[in-house]
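With mmCIF, C-alpha atoms and all ligand atoms inside, this is data_5.cif:
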data_run
#
loop_
_atom_site.label_atom_id
_atom_site.label_comp_id
_atom_site.auth_asym_id
_atom_site.auth_seq_id
_atom_site.Cartn_x
_atom_site.Cartn_y
_atom_site.Cartn_z
CA MET T 1266 106.81 85.29 132.90
CA LEU T 1267 105.71 84.77 129.27
CA GLU T 1268 103.42 87.81 129.37
CA GLN T 1269 106.22 89.99 130.73
CA PHE T 1270 108.61 88.86 128.03
CA GLU T 1271 105.99 89.31 125.32
CA ALA T 1272 105.13 92.88 126.33
CA GLN T 1273 108.76 93.97 126.61
CA TYR T 1274 109.88 92.17 123.46
CA MET T 1275 107.05 93.61 121.33
CA GLU T 1276 107.96 97.13 122.39
CA LEU T 1277 111.55 96.57 121.26
CA HIS T 1278 110.42 94.73 118.12
CA TRP T 1279 108.39 97.70 116.84
CA HIS T 1280 111.13 100.09 117.88
CA TYR T 1281 113.73 98.03 115.99
CA ASN T 1282 111.57 98.04 112.84
CA GLN T 1283 111.22 101.84 113.10
CA ILE T 1284 114.97 102.36 113.51
CA LEU T 1285 115.78 100.03 110.62
CA TRP T 1286 113.25 101.80 108.39
CA ASN T 1287 114.78 105.20 109.19
CA HIS T 1288 118.23 103.75 108.66
CA TYR T 1289 117.41 102.60 105.13
CA PHE T 1290 114.95 105.22 103.90
CA ASN T 1291 115.20 108.40 106.00
CA GLU T 1292 118.95 108.55 106.54
CA GLY T 1293 118.30 108.03 110.23
CA HIS T 1294 121.38 108.03 112.41
CA ASP T 1295 120.10 105.94 115.31
CA ASP T 1296 122.70 103.51 116.49
CA LEU T 1297 121.65 99.98 115.46
CA ASN T 1298 124.16 98.57 117.95
CA GLN T 1299 122.27 100.23 120.79
CA ILE T 1300 118.89 98.71 120.02
CA ASP T 1301 120.61 95.35 119.40
CA GLU T 1302 122.13 95.62 122.87
CA LYS T 1303 118.72 96.30 124.45
CA ILE T 1304 117.27 93.23 122.73
CA TYR T 1305 120.25 91.17 123.89
CA GLN T 1306 119.77 92.29 127.50
CA LEU T 1307 116.09 91.38 127.38
CA VAL T 1308 116.59 87.90 125.91
CA SER T 1309 119.48 87.20 128.32
CA HIS T 1310 117.22 88.08 131.21
CA PHE T 1311 114.50 85.64 130.07
CA LYS T 1312 116.85 82.79 129.04
CA ASP T 1313 115.72 79.47 130.61
CA LYS T 1314 112.89 81.21 132.47
CA ILE T 1315 109.91 80.42 130.22
CA LYS T 1316 108.54 76.87 130.35
CA ASN T 1317 107.56 75.34 126.98
CA LYS T 1318 103.93 74.71 127.85
CA ASN T 1319 102.13 76.05 124.76
CA ARG T 1320 102.75 77.40 121.25
CA LYS T 1321 103.42 80.96 122.38
CA SER T 1322 105.98 79.96 125.01
CA LEU T 1323 107.74 77.77 122.45
CA ILE T 1324 107.92 80.75 120.08
CA ALA T 1325 109.23 82.95 122.91
CA ASN T 1326 112.08 80.49 123.52
CA LEU T 1327 112.88 80.27 119.79
CA ILE T 1328 113.06 84.08 119.61
CA ILE T 1329 115.26 84.17 122.73
CA ALA T 1330 117.66 81.55 121.32
CA LYS T 1331 118.04 83.28 117.95
CA ASN T 1332 118.58 86.70 119.47
CA LEU T 1333 121.13 85.42 121.97
CA VAL T 1334 123.33 84.76 118.94
CA GLU T 1335 122.16 87.46 116.54
CA LYS T 1336 122.21 90.33 119.05
CA ASP T 1337 125.37 89.24 120.80
CA LYS T 1338 127.68 92.26 120.91
CA ASP T 1339 130.42 90.87 118.65
CA VAL T 1340 127.95 89.49 116.11
CA SER T 1341 125.77 92.57 115.99
CA ARG T 1342 128.69 95.01 115.66
CA LEU T 1343 130.24 93.10 112.80
CA ARG T 1344 126.86 92.62 111.10
CA ASN T 1345 126.10 96.34 111.34
CA LYS T 1346 129.59 97.17 110.09
CA LEU T 1347 129.04 94.96 107.01
CA ASP T 1348 125.66 96.61 106.43
CA GLU T 1349 127.43 99.93 105.77
CA TRP T 1350 129.42 100.00 102.52
CA ASN T 1351 131.16 103.20 103.59
CA ASN T 1352 133.26 101.00 105.86
CA TYR T 1353 134.74 99.31 102.80
CA ASN T 1354 134.56 101.69 99.83
CA GLN T 1355 137.08 104.39 100.79
CA SER T 1356 139.89 105.39 98.40
CA ILE T 1357 138.76 103.33 95.43
CA PRO T 1358 139.91 104.96 92.16
CA SER T 1359 136.88 106.61 90.57
CA HIS T 1360 137.79 105.61 87.01
CA LEU T 1361 137.12 101.92 87.75
CA SER T 1362 133.92 100.26 86.51
CA ILE T 1363 131.14 99.37 88.97
CA ASN T 1364 132.12 95.70 88.82
CA GLU T 1365 135.78 96.45 89.44
CA LYS T 1366 134.78 98.58 92.42
CA LYS T 1367 132.53 95.79 93.72
CA GLU T 1368 135.37 93.31 93.46
CA ILE T 1369 137.61 95.54 95.60
CA ILE T 1370 134.85 95.98 98.20
CA ALA T 1371 134.17 92.22 98.24
CA LYS T 1372 137.84 91.47 98.85
CA ARG T 1373 137.90 93.98 101.71
CA MET T 1374 134.74 92.45 103.22
CA ARG T 1375 135.89 88.83 102.89
CA GLN T 1376 137.69 88.57 106.21
CA ASP T 1377 134.80 90.17 108.13
CA VAL T 1378 132.20 87.94 106.45
CA LEU T 1379 134.18 84.81 107.35
CA HIS T 1380 134.77 86.07 110.88
CA LEU T 1381 131.04 86.75 111.29
CA MET T 1382 130.20 83.22 110.10
CA GLU T 1383 132.67 81.81 112.59
CA LEU T 1384 131.24 83.90 115.46
CA ARG T 1385 127.65 82.92 114.65
CA ASN T 1386 128.62 79.27 114.34
CA ARG T 1387 130.61 79.18 117.57
CA LYS T 1388 127.92 80.91 119.62
CA SER T 1389 125.22 78.59 118.23
CA ILE T 1390 127.32 75.52 119.07
CA ASP T 1391 127.92 76.91 122.60
CA MET T 1392 124.14 77.01 123.02
CA GLY T 1393 123.76 73.35 122.07
CA TYR T 1394 122.94 73.63 118.35
CA LYS T 1395 124.87 71.73 115.71
CA SER T 1396 125.72 74.92 113.83
CA TYR T 1397 124.36 78.38 113.02
CA PRO T 1398 122.23 76.99 110.15
CA ASP T 1399 120.82 74.47 112.66
CA LEU T 1400 119.85 77.32 115.03
CA ILE T 1401 118.14 79.25 112.21
CA MET T 1402 116.33 76.21 110.82
CA THR T 1403 115.09 75.37 114.34
CA HIS T 1404 113.93 78.98 114.80
CA ASP T 1405 112.15 78.94 111.43
CA GLU T 1406 110.66 75.48 112.16
CA LEU T 1407 112.13 73.99 108.99
CA ASP T 1408 114.06 70.79 108.40
CA LEU T 1409 117.43 71.45 106.76
CA GLN T 1410 117.53 68.19 104.76
CA LYS T 1411 114.00 68.77 103.50
CA VAL T 1412 114.88 72.31 102.43
CA ILE T 1413 117.97 71.10 100.56
CA CYS T 1414 115.84 68.45 98.88
CA LEU T 1415 113.25 71.07 97.76
CA LEU T 1416 116.03 73.35 96.45
CA LYS T 1417 117.51 70.52 94.41
CA LYS T 1418 114.09 69.57 93.07
CA TYR T 1419 113.48 73.18 91.98
CA LEU T 1420 116.87 73.27 90.29
CA ASP T 1421 116.31 69.94 88.50
CA ALA T 1422 112.96 71.13 87.20
CA ASN T 1423 114.09 74.59 86.07
CA LEU T 1424 117.81 74.63 85.27
CA SER T 1425 117.67 73.65 81.61
CA TYR T 1426 114.92 76.18 80.77
CA THR T 1427 116.80 78.85 82.74
CA LYS T 1428 119.94 78.13 80.70
CA GLU T 1429 117.90 78.60 77.51
CA LEU T 1430 116.68 81.98 78.79
CA ILE T 1431 120.23 82.96 79.78
CA LYS T 1432 121.39 82.23 76.22
CA LYS T 1433 118.39 83.87 74.57
CA TYR T 1434 118.82 87.16 76.46
CA ASN T 1435 122.60 86.94 76.79
CA PHE T 1436 122.76 87.17 80.60
CA CYS T 1437 126.04 87.67 82.49
CA LEU T 1438 126.51 87.20 86.22
CA ASP T 1439 128.12 90.65 86.58
CA THR T 1440 125.12 92.38 85.00
CA TRP T 1441 122.40 89.93 86.08
CA PHE T 1442 119.99 92.48 87.57
CA GLN T 1443 120.24 94.88 84.61
CA ASP T 1444 119.85 91.89 82.28
CA LEU T 1445 116.49 91.05 83.89
CA ASN T 1446 115.22 94.28 82.31
CA LYS T 1447 115.76 92.75 78.87
CA LEU T 1448 112.44 90.95 79.36
CA LYS T 1449 110.54 94.08 78.40
CA THR T 1450 107.02 95.36 78.02
CA ASN T 1451 105.56 98.37 76.22
CA ILE T 1452 102.94 98.86 78.89
CA SER T 1453 103.75 101.43 81.54
CA TYR T 1454 102.62 100.38 84.99
CA GLN T 1455 101.76 102.72 87.85
CA PRO T 1456 102.33 101.31 91.35
CA TYR T 1457 99.31 102.97 92.97
CA GLU T 1458 96.95 101.96 90.18
CA LEU T 1459 98.22 98.35 90.19
CA THR T 1460 97.88 98.17 93.98
CA LYS T 1461 94.34 99.50 93.85
CA ARG T 1462 93.29 97.01 91.18
CA PHE T 1463 94.88 94.12 93.07
CA ILE T 1464 93.21 95.04 96.35
CA GLN T 1465 89.83 95.39 94.67
CA SER T 1466 90.12 92.18 92.66
CA LEU T 1467 90.92 90.10 95.76
CA GLY T 1468 88.31 91.86 97.90
CA PHE T 1469 90.78 93.48 100.30
CA GLN T 1470 88.89 96.80 100.54
CA SER T 1471 89.77 97.48 104.18
CA PHE T 1472 93.52 97.06 103.57
CA ARG T 1473 95.63 100.14 104.40
CA VAL T 1474 99.28 100.60 103.52
CA ASN T 1475 101.57 103.57 103.07
CA ILE T 1476 103.50 103.24 99.78
CA ASP T 1477 106.44 105.53 99.12
CA VAL T 1478 107.92 105.48 95.64
CA LYS T 1479 111.40 106.90 95.84
CA PRO T 1480 114.90 105.80 94.89
CA SER T 1481 116.97 103.84 97.39
CA LYS T 1482 119.71 101.22 97.28
CA ILE T 1483 117.11 98.62 98.33
CA LEU T 1484 114.81 97.61 95.46
CA GLY T 1485 111.77 97.28 97.67
CA MET T 1486 110.94 96.73 101.31
CA ALA T 1487 107.80 96.34 103.40
CA SER T 1488 107.68 96.64 107.15
CA ASN T 1489 105.30 96.80 110.05
CA LEU T 1490 106.37 99.68 112.28
CA GLY T 1491 103.70 99.14 114.92
CA GLU T 1492 100.02 98.37 115.13
CA ASN T 1493 98.47 99.68 111.88
CA ASP T 1494 101.62 101.34 110.56
CA ILE T 1495 102.46 99.25 107.51
CA ARG T 1496 104.80 100.75 104.93
CA ILE T 1497 106.26 99.88 101.56
CA ASN T 1498 109.19 101.62 99.95
CA LEU T 1499 109.78 101.05 96.23
CA ASN T 1500 111.83 102.41 93.40
CA ALA T 1501 109.71 103.66 90.49
CA ILE T 1502 108.49 100.94 88.13
CA HIS T 1503 110.65 100.82 84.99
CA SER T 1504 110.43 97.13 84.19
CA LEU T 1505 108.45 93.92 84.66
CA SER T 1506 110.98 92.93 87.29
CA ASP T 1507 109.94 96.06 89.26
CA VAL T 1508 106.27 95.04 88.85
CA SER T 1509 107.13 91.69 90.42
CA THR T 1510 108.87 93.51 93.30
CA LEU T 1511 105.69 95.53 93.93
CA PHE T 1512 103.60 92.31 94.07
CA HIS T 1513 106.13 90.82 96.49
CA GLU T 1514 106.09 93.79 98.86
CA LEU T 1515 102.29 93.87 98.72
CA GLY T 1516 102.40 90.23 99.84
CA HIS T 1517 104.34 91.19 102.97
CA ALA T 1518 102.07 94.16 103.67
CA LEU T 1519 98.82 92.19 103.26
CA TYR T 1520 100.13 89.54 105.64
CA TYR T 1521 101.03 92.13 108.32
CA TYR T 1522 97.63 93.78 107.94
CA TYR T 1523 95.47 90.67 108.18
CA ILE T 1524 97.16 88.92 111.13
CA GLU T 1525 94.43 88.61 113.72
CA GLU T 1526 96.66 87.15 116.38
CA LYS T 1527 98.57 89.55 118.62
CA GLY T 1528 101.92 89.81 120.36
CA LEU T 1529 104.59 87.24 119.51
CA TYR T 1530 102.32 85.77 116.80
CA GLN T 1531 102.93 89.03 114.91
CA VAL T 1532 106.69 88.43 114.87
CA LEU T 1533 106.91 86.40 111.69
CA PRO T 1534 109.87 84.12 111.00
CA PRO T 1535 111.16 84.47 107.42
CA SER T 1536 109.85 80.96 106.71
CA LEU T 1537 106.35 82.45 106.92
CA ASP T 1538 106.97 86.11 106.05
CA GLU T 1539 109.14 85.66 102.95
CA VAL T 1540 107.38 82.53 101.71
CA THR T 1541 104.00 84.29 101.88
CA ALA T 1542 105.30 87.35 100.01
CA VAL T 1543 106.50 85.06 97.19
CA ILE T 1544 103.14 83.23 97.16
CA VAL T 1545 101.34 86.56 96.60
CA GLU T 1546 103.96 87.54 94.00
CA THR T 1547 103.18 84.27 92.16
CA ILE T 1548 99.43 84.82 92.17
CA ALA T 1549 99.22 88.55 91.38
CA PRO T 1550 100.20 88.31 87.66
CA ILE T 1551 97.25 86.02 86.85
CA VAL T 1552 94.91 88.52 88.46
CA LEU T 1553 96.36 91.68 86.93
CA LEU T 1554 98.39 91.13 83.77
CA HIS T 1555 97.81 90.22 80.13
CA GLU T 1556 99.06 86.84 79.00
CA GLU T 1557 102.23 88.13 77.30
CA GLU T 1558 103.35 90.10 80.37
CA MET T 1559 102.33 87.26 82.65
CA ASN T 1560 104.55 84.82 80.73
CA LYS T 1561 107.49 87.22 80.76
CA ILE T 1562 107.15 87.75 84.50
CA GLU T 1563 107.09 83.97 84.90
CA ASP T 1564 110.38 83.81 82.97
CA ILE T 1565 111.91 86.55 85.15
CA ARG T 1566 110.85 84.66 88.25
CA THR T 1567 112.24 81.36 86.93
CA LEU T 1568 115.59 83.04 86.18
CA GLU T 1569 115.65 84.59 89.65
CA HIS T 1570 114.54 81.56 91.62
CA THR T 1571 116.96 79.26 89.81
CA ARG T 1572 119.83 81.64 90.59
CA ILE T 1573 118.56 81.81 94.18
CA ALA T 1574 118.32 78.00 94.50
CA ILE T 1575 121.99 77.86 93.47
CA SER T 1576 122.86 80.66 95.89
CA ALA T 1577 121.15 78.81 98.78
CA LEU T 1578 122.77 75.46 97.99
CA PHE T 1579 126.14 77.22 97.71
CA GLU T 1580 125.57 78.81 101.10
CA PHE T 1581 124.71 75.57 102.90
CA GLU T 1582 127.91 74.07 101.51
CA LEU T 1583 129.84 77.23 102.46
CA TRP T 1584 128.92 76.78 106.16
CA ASN T 1585 130.69 73.39 105.98
CA ASN T 1586 133.67 74.69 103.98
CA PRO T 1587 134.11 78.45 104.51
CA GLN T 1588 137.76 78.42 103.50
CA HIS T 1589 136.90 77.21 99.99
CA ALA T 1590 134.40 79.97 99.28
CA GLU T 1591 135.75 81.03 95.87
CA ALA T 1592 136.09 77.49 94.50
CA LEU T 1593 132.58 76.59 95.72
CA TYR T 1594 131.12 79.79 94.30
CA LYS T 1595 132.57 78.97 90.89
CA GLN T 1596 131.44 75.34 91.06
CA TYR T 1597 127.86 76.21 92.01
CA TYR T 1598 127.24 79.27 89.83
CA GLU T 1599 128.80 77.80 86.69
CA GLN T 1600 125.82 75.42 86.65
CA LEU T 1601 124.04 78.35 85.01
CA GLY T 1602 126.22 77.83 81.95
CA ILE T 1603 127.99 81.19 82.21
CA PRO T 1604 131.59 81.66 83.31
CA VAL T 1605 132.32 83.02 86.79
CA LYS T 1606 135.11 85.53 86.20
CA THR T 1607 135.34 87.02 89.70
CA PRO T 1608 134.48 84.41 92.34
CA SER T 1609 135.69 86.75 95.11
CA ILE T 1610 132.42 88.64 94.61
CA TRP T 1611 130.62 86.07 96.83
CA ALA T 1612 131.55 88.08 99.94
CA ILE T 1613 129.62 91.21 98.90
CA ASP T 1614 126.27 89.38 98.78
CA SER T 1615 124.24 90.56 101.79
CA PHE T 1616 122.65 87.08 102.00
CA ARG T 1617 126.03 85.88 103.24
CA SER T 1618 126.27 88.44 106.08
CA ILE T 1619 123.22 90.64 106.78
CA ASP T 1620 120.60 87.92 106.14
CA PRO T 1621 122.46 84.60 106.15
CA VAL T 1622 120.59 81.27 105.95
CA TYR T 1623 117.62 83.14 104.54
CA ILE T 1624 117.65 83.09 100.75
CA HIS T 1625 116.18 79.57 100.42
CA HIS T 1626 112.80 80.97 101.55
CA TYR T 1627 112.29 82.54 98.13
CA VAL T 1628 112.51 79.13 96.46
CA LEU T 1629 110.17 77.56 99.05
CA GLY T 1630 107.77 80.43 98.32
CA ALA T 1631 108.03 79.87 94.56
CA THR T 1632 107.38 76.13 94.98
CA LEU T 1633 104.41 76.67 97.30
CA GLY T 1634 103.20 79.60 95.18
CA ASP T 1635 102.97 77.38 92.09
CA GLU T 1636 101.01 74.77 94.04
CA ILE T 1637 98.59 77.34 95.45
CA LYS T 1638 98.20 78.99 92.04
CA GLY T 1639 97.29 75.60 90.53
CA PHE T 1640 94.84 74.99 93.37
CA PHE T 1641 93.18 78.40 92.85
CA ILE T 1642 92.82 78.00 89.09
CA LYS T 1643 91.39 74.49 89.49
CA HIS T 1644 88.88 75.33 92.21
CA TYR T 1645 88.11 79.05 91.85
CA GLN T 1646 88.92 79.79 88.17
CA HIS T 1647 88.63 83.60 87.82
CA ASP T 1648 86.76 84.25 91.06
CA TYR T 1649 89.63 86.24 92.56
CA LYS T 1650 87.73 87.22 95.71
CA LEU T 1651 87.86 83.54 96.69
CA TYR T 1652 91.66 83.68 96.28
CA GLY T 1653 91.71 86.57 98.74
CA LYS T 1654 89.46 84.80 101.21
CA TRP T 1655 91.57 81.63 101.09
CA LEU T 1656 94.79 83.55 101.71
CA VAL T 1657 93.35 85.41 104.71
CA LYS T 1658 91.80 82.32 106.27
CA ASN T 1659 94.60 79.83 105.63
CA ILE T 1660 97.68 82.01 105.97
CA PHE T 1661 97.41 85.71 106.84
CA GLN T 1662 95.12 85.75 109.87
CA LYS T 1663 97.01 83.08 111.81
CA GLY T 1664 100.36 84.88 111.86
CA ARG T 1665 103.02 82.81 113.57
CA LYS T 1666 100.40 80.66 115.26
CA MET T 1667 100.71 78.59 112.07
CA ARG T 1668 103.80 76.47 111.47
CA ILE T 1669 105.26 76.39 107.97
CA PRO T 1670 105.31 72.54 107.88
CA GLU T 1671 101.48 72.64 108.09
CA LEU T 1672 101.33 74.63 104.87
CA LEU T 1673 103.97 72.51 103.13
CA SER T 1674 102.29 69.21 104.01
CA ARG T 1675 98.92 70.53 102.87
CA PHE T 1676 100.40 70.59 99.35
CA ASN T 1677 102.37 67.36 99.83
CA LEU T 1678 105.72 69.16 99.97
ZN ZN G 1 110.51 89.92 100.90
#
Do you think you could lay out the structure here as structure tokens?
Ligand SMILES: [Zn+2]
Amino acid sequence: MLEQFEAQYMELHWHYNQILWNHYFNEGHDDLNQIDEKIYQLVSHFKDKIKNKNRKSLIANLIIAKNLVEKDKDVSRLRNKLDEWNNYNQSIPSHLSINEKKEIIAKRMRQDVLHLMELRNRKSIDMGYKSYPDLIMTHDELDLQKVICLLKKYLDANLSYTKELIKKYNFCLDTWFQDLNKLKTNISYQPYELTKRFIQSLGFQSFRVNIDVKPSKILGMASNLGENDIRINLNAIHSLSDVSTLFHELGHALYYYYIEEKGLYQVLPPSLDEVTAVIVETIAPIVLLHEEEMNKIEDIRTLEHTRIAISALFEFELWNNPQHAEALYKQYYEQLGIPVKTPSIWAIDSFRSIDPVYIHHYVLGATLGDEIKGFFIKHYQHDYKLYGKWLVKNIFQKGRKMRIPELLSRFNL
């Protein structure tokens, strides 16, 4: 039974990744609802049929449970509707500023985002979970209270320095991502050259990835479209923040390439996939950049991960109190020391609808990344090939056979 499910699910998994890639980068017009429906049919068929007798069968049942909610017809249709801004941006006066336009779109999305949260929550509760966040945490093999504790710890350690940076560079929430480019460099970086140097330094000579540098609304994305078809799409590098994005996407791609395990072990939960990408993103600057650039990238990452820790804590509270979204948004984000002028903007954030209960992984990755970086410097100094070997042996090659708590407890987290 497990083997049947695994074979059929993997076929759909690769197919889904291909359709999603075409949807974002090749203007593909495949219907996402259709592939979602196929996945739903498959997981419905195998519900309660696979006995939990080993790690792979446990993973199969976690995948089945998550997809029974996520690929449910009502959930998937609303999610895919929210993923397409054209459903919300019609007849907006063209003379308005980008932020004014965003505010209008957010207000139009609000009802759908709340409805989607309610649907996900209700369906998770029907299946015996406490809530949708409980379903996702169970799927990702994380403990919600522990995650909240790590987020708060990160915030305690970094908030006051982040506020200094916000003042120094005059950051606003409305222009946050443009403001990150204020941490500048005079060096011009080429993505292919950086990738080549990184791969060589860490001893990853056999690594193969297809990198496309072209503009898209997504800053960067890596995906595995099938056995040995690993791709990265990036915007051109104009800033240190873009350099960090390249390192991040390389982290995903390296992980996909070096997984030795097959089948369901290749279907990575975000708790492994995203965390690992951030670990690589943390380590790459010490291998590739001069001290000044390295420090600036560290500052960019601190700004980002502090904002993200706030975003994640806001979200966990939002699941308890969805009707108070605007007041909560203001309360949480004003911790950054900058006024929140348009709290309605919360609804436009794709981490509230397309990838909910997800964003905390970046902070877990930053926390683990710092620990692993310290461990590398202490034990391997500048012998970067040993960094590469450690990553392959302790993370990449195991795929989902490894549980994230194993990695966290190894570093006393
Ligand atoms: Zn990522």
Residues within 9 Å of Ala1590 (chain T), all atoms listed in the file, excluding chain neighbours under 2 positions, as a PyMOL selection string: chain T and resi 1579+1583+1586-1588+1592-1595+1608-1609+1611-1612
Write the residues you've just listed into a file as a short mmCIF file (atom, residue, chain, number, x, y, z; two decimals), in the frame of the given file, and include C-alpha atoms for each of them.
data_model
loop_
_atom_site.label_atom_id
_atom_site.label_comp_id
_atom_site.auth_asym_id
_atom_site.auth_seq_id
_atom_site.Cartn_x
_atom_site.Cartn_y
_atom_site.Cartn_z
CA PHE T 1579 126.14 77.22 97.71
CA LEU T 1583 129.84 77.23 102.46
CA ASN T 1586 133.67 74.69 103.98
CA PRO T 1587 134.11 78.45 104.51
CA GLN T 1588 137.76 78.42 103.50
CA ALA T 1592 136.09 77.49 94.50
CA LEU T 1593 132.58 76.59 95.72
CA TYR T 1594 131.12 79.79 94.30
CA LYS T 1595 132.57 78.97 90.89
CA PRO T 1608 134.48 84.41 92.34
CA SER T 1609 135.69 86.75 95.11
CA TRP T 1611 130.62 86.07 96.83
CA ALA T 1612 131.55 88.08 99.94
#
Within 8 Å of ligand ZN 1 (chain G), counting all atoms listed in the file, residues as a PyMOL selection string: chain T and resi 1486-1487+1513-1514+1517+1538-1539+1542-1543
Long-range neighbours of region 1414-1423 of chain T as an MDAnalysis selection string, 7 Å cut-off, only C-alpha atoms, 5 positions minimum in chain: chainID T and resid 1571 1574 1628
Point (117.4, 73.5, 102.1) neighbourhood (9 Å, all atoms listed in the file) written as a list in words: Leu1407, Asp1408, Leu1409, Gln1410, Lys1411, Val1412, Ile1413, Cys1414, Leu1415, Leu1416, Lys1417, Ala1574, Ala1577, Leu1578, Phe1581, His1625, His1626 and Leu1629 of chain T
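For the set T:Leu1651, T:Ile1565, T:Ile1637, T:Leu1490, the residue with the smallest atom-to-atom gap to Phe1676 (chain T) is T:Ile1637, counting all atoms listed in the file.
The space between CA of Met1402 (chain T) and CA of Ser1618 (chain T) spans 16.5 Å.
The residue set within 10 Å of Cys1437 (chain T), counting all atoms listed in the file and dropping same-chain residues fewer than 4 places from it, reads Ile1431, Lys1432, Trp1441, Phe1442, Gln1443, Asp1444, Leu1601, Gly1602, Ile1603, Pro1604 and Val1605 of chain T.
Closest approach to Asn1500 (chain T) among T:Pro1456, T:Gly1468, T:Gly1528, T:Pro1398 is made by T:Pro1456 (distances from all atoms listed in the file).
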Which residues, written as a PDB file with C-alpha atoms, in the coordinates of the input, have at least one atom at most 7 Å from region 1338-1352 of chain T, with all atoms listed in the file counted and residues fewer than 6 positions away on the same chain left out?
ATOM      1  CA  ASN T1298     124.160  98.570 117.950  1.00  0.00           C
ATOM      2  CA  ASP T1301     120.610  95.350 119.400  1.00  0.00           C
ATOM      3  CA  GLU T1302     122.130  95.620 122.870  1.00  0.00           C
ATOM      4  CA  LEU T1381     131.040  86.750 111.290  1.00  0.00           C
ATOM      5  CA  LEU T1384     131.240  83.900 115.460  1.00  0.00           C
ATOM      6  CA  ARG T1385     127.650  82.920 114.650  1.00  0.00           C
ATOM      7  CA  SER T1618     126.270  88.440 106.080  1.00  0.00           C
ATOM      8  CA  ILE T1619     123.220  90.640 106.780  1.00  0.00           C
TER       9      ILE T1619
END
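Taking all atoms listed in the file, the non-local environment of Val1552 (chain T) within 9 Å (same-chain residues fewer than 5 positions away omitted) comprises Phe1463, Ser1466, Leu1467, His1647 and Tyr1649 of chain T.
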Given all atoms listed in the file as the counted atoms, nearest of T:Met1559, T:Leu1333, T:Leu1438, T:Val1508 to Leu1459 (chain T): T:Val1508
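Shortest atom-to-atom contact with Thr1567 (chain T) among T:Gln1283, T:Ser1389, T:Thr1427, T:Asn1493: T:Thr1427, counting only C-alpha atoms.
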Nearest to Asp1494 (chain T), chosen from T:Ile1370, T:Val1532, T:Val1478, T:Ala1518, with all atoms listed in the file counted in the distances: T:Ala1518
Neighbours of point (116.9, 87.3, 124.4) within 7 Å, using all atoms listed in the file, written as a PyMOL selection string: chain T and resi 1304-1312+1328-1330+1332-1333
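When CA of Lys1638 (chain T) is paired with CA of Thr1547 (chain T), their separation reads 7.3 Å.
What separates CA of Leu1633 (chain T) from CA of Pro1670 (chain T) is a distance of 11.4 Å.
With only C-alpha atoms as the atoms that count, the minimum distance from Arg1473 (chain T) to the choices T:Ile1452, T:Leu1285, T:Tyr1394, T:Arg1496 is reached by T:Arg1496.
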Could the residues of region 1477-1544 of chain T that have an atom at most 9 Å from region 1655-1660 of chain T be listed as JSON lines, each with its closest atom pair and the distance in Å to one decimal, counting all atoms listed in the file and ordered by chain and ascending residue number?
{"residue": "T:Leu1519", "atom": "CA", "partner": "T:Val1657", "partner_atom": "CA", "distance": 8.8}
{"residue": "T:Tyr1520", "atom": "CA", "partner": "T:Ile1660", "partner_atom": "CA", "distance": 7.9}
{"residue": "T:Tyr1523", "atom": "CA", "partner": "T:Val1657", "partner_atom": "CA", "distance": 6.6}
{"residue": "T:Ile1524", "atom": "CA", "partner": "T:Val1657", "partner_atom": "CA", "distance": 8.2}
{"residue": "T:Leu1537", "atom": "CA", "partner": "T:Ile1660", "partner_atom": "CA", "distance": 8.7}
{"residue": "T:Thr1541", "atom": "CA", "partner": "T:Ile1660", "partner_atom": "CA", "distance": 7.9}
What would region 1447-1459 of chain T look like if you wrote it out as a compact mmCIF listing (two decimals), in the first residue's frame, with C-alpha atoms included, from the block I just posted?
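Writing done, so here's selection-v5.txt:
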# COMPACT_ATOMS: atom_id res chain seq x y z
CA LYS T 1447 20.47 51.32 1.14
CA LEU T 1448 23.05 48.91 2.56
CA LYS T 1449 25.18 49.26 -0.54
CA THR T 1450 28.39 47.99 -2.05
CA ASN T 1451 30.58 49.25 -4.89
CA ILE T 1452 31.43 45.74 -5.97
CA SER T 1453 29.36 44.35 -8.82
CA TYR T 1454 28.54 40.69 -8.37
CA GLN T 1455 27.79 38.24 -11.16
CA PRO T 1456 25.48 35.35 -10.22
CA TYR T 1457 27.22 32.71 -12.34
CA GLU T 1458 30.68 33.68 -11.15
CA LEU T 1459 29.58 33.72 -7.48
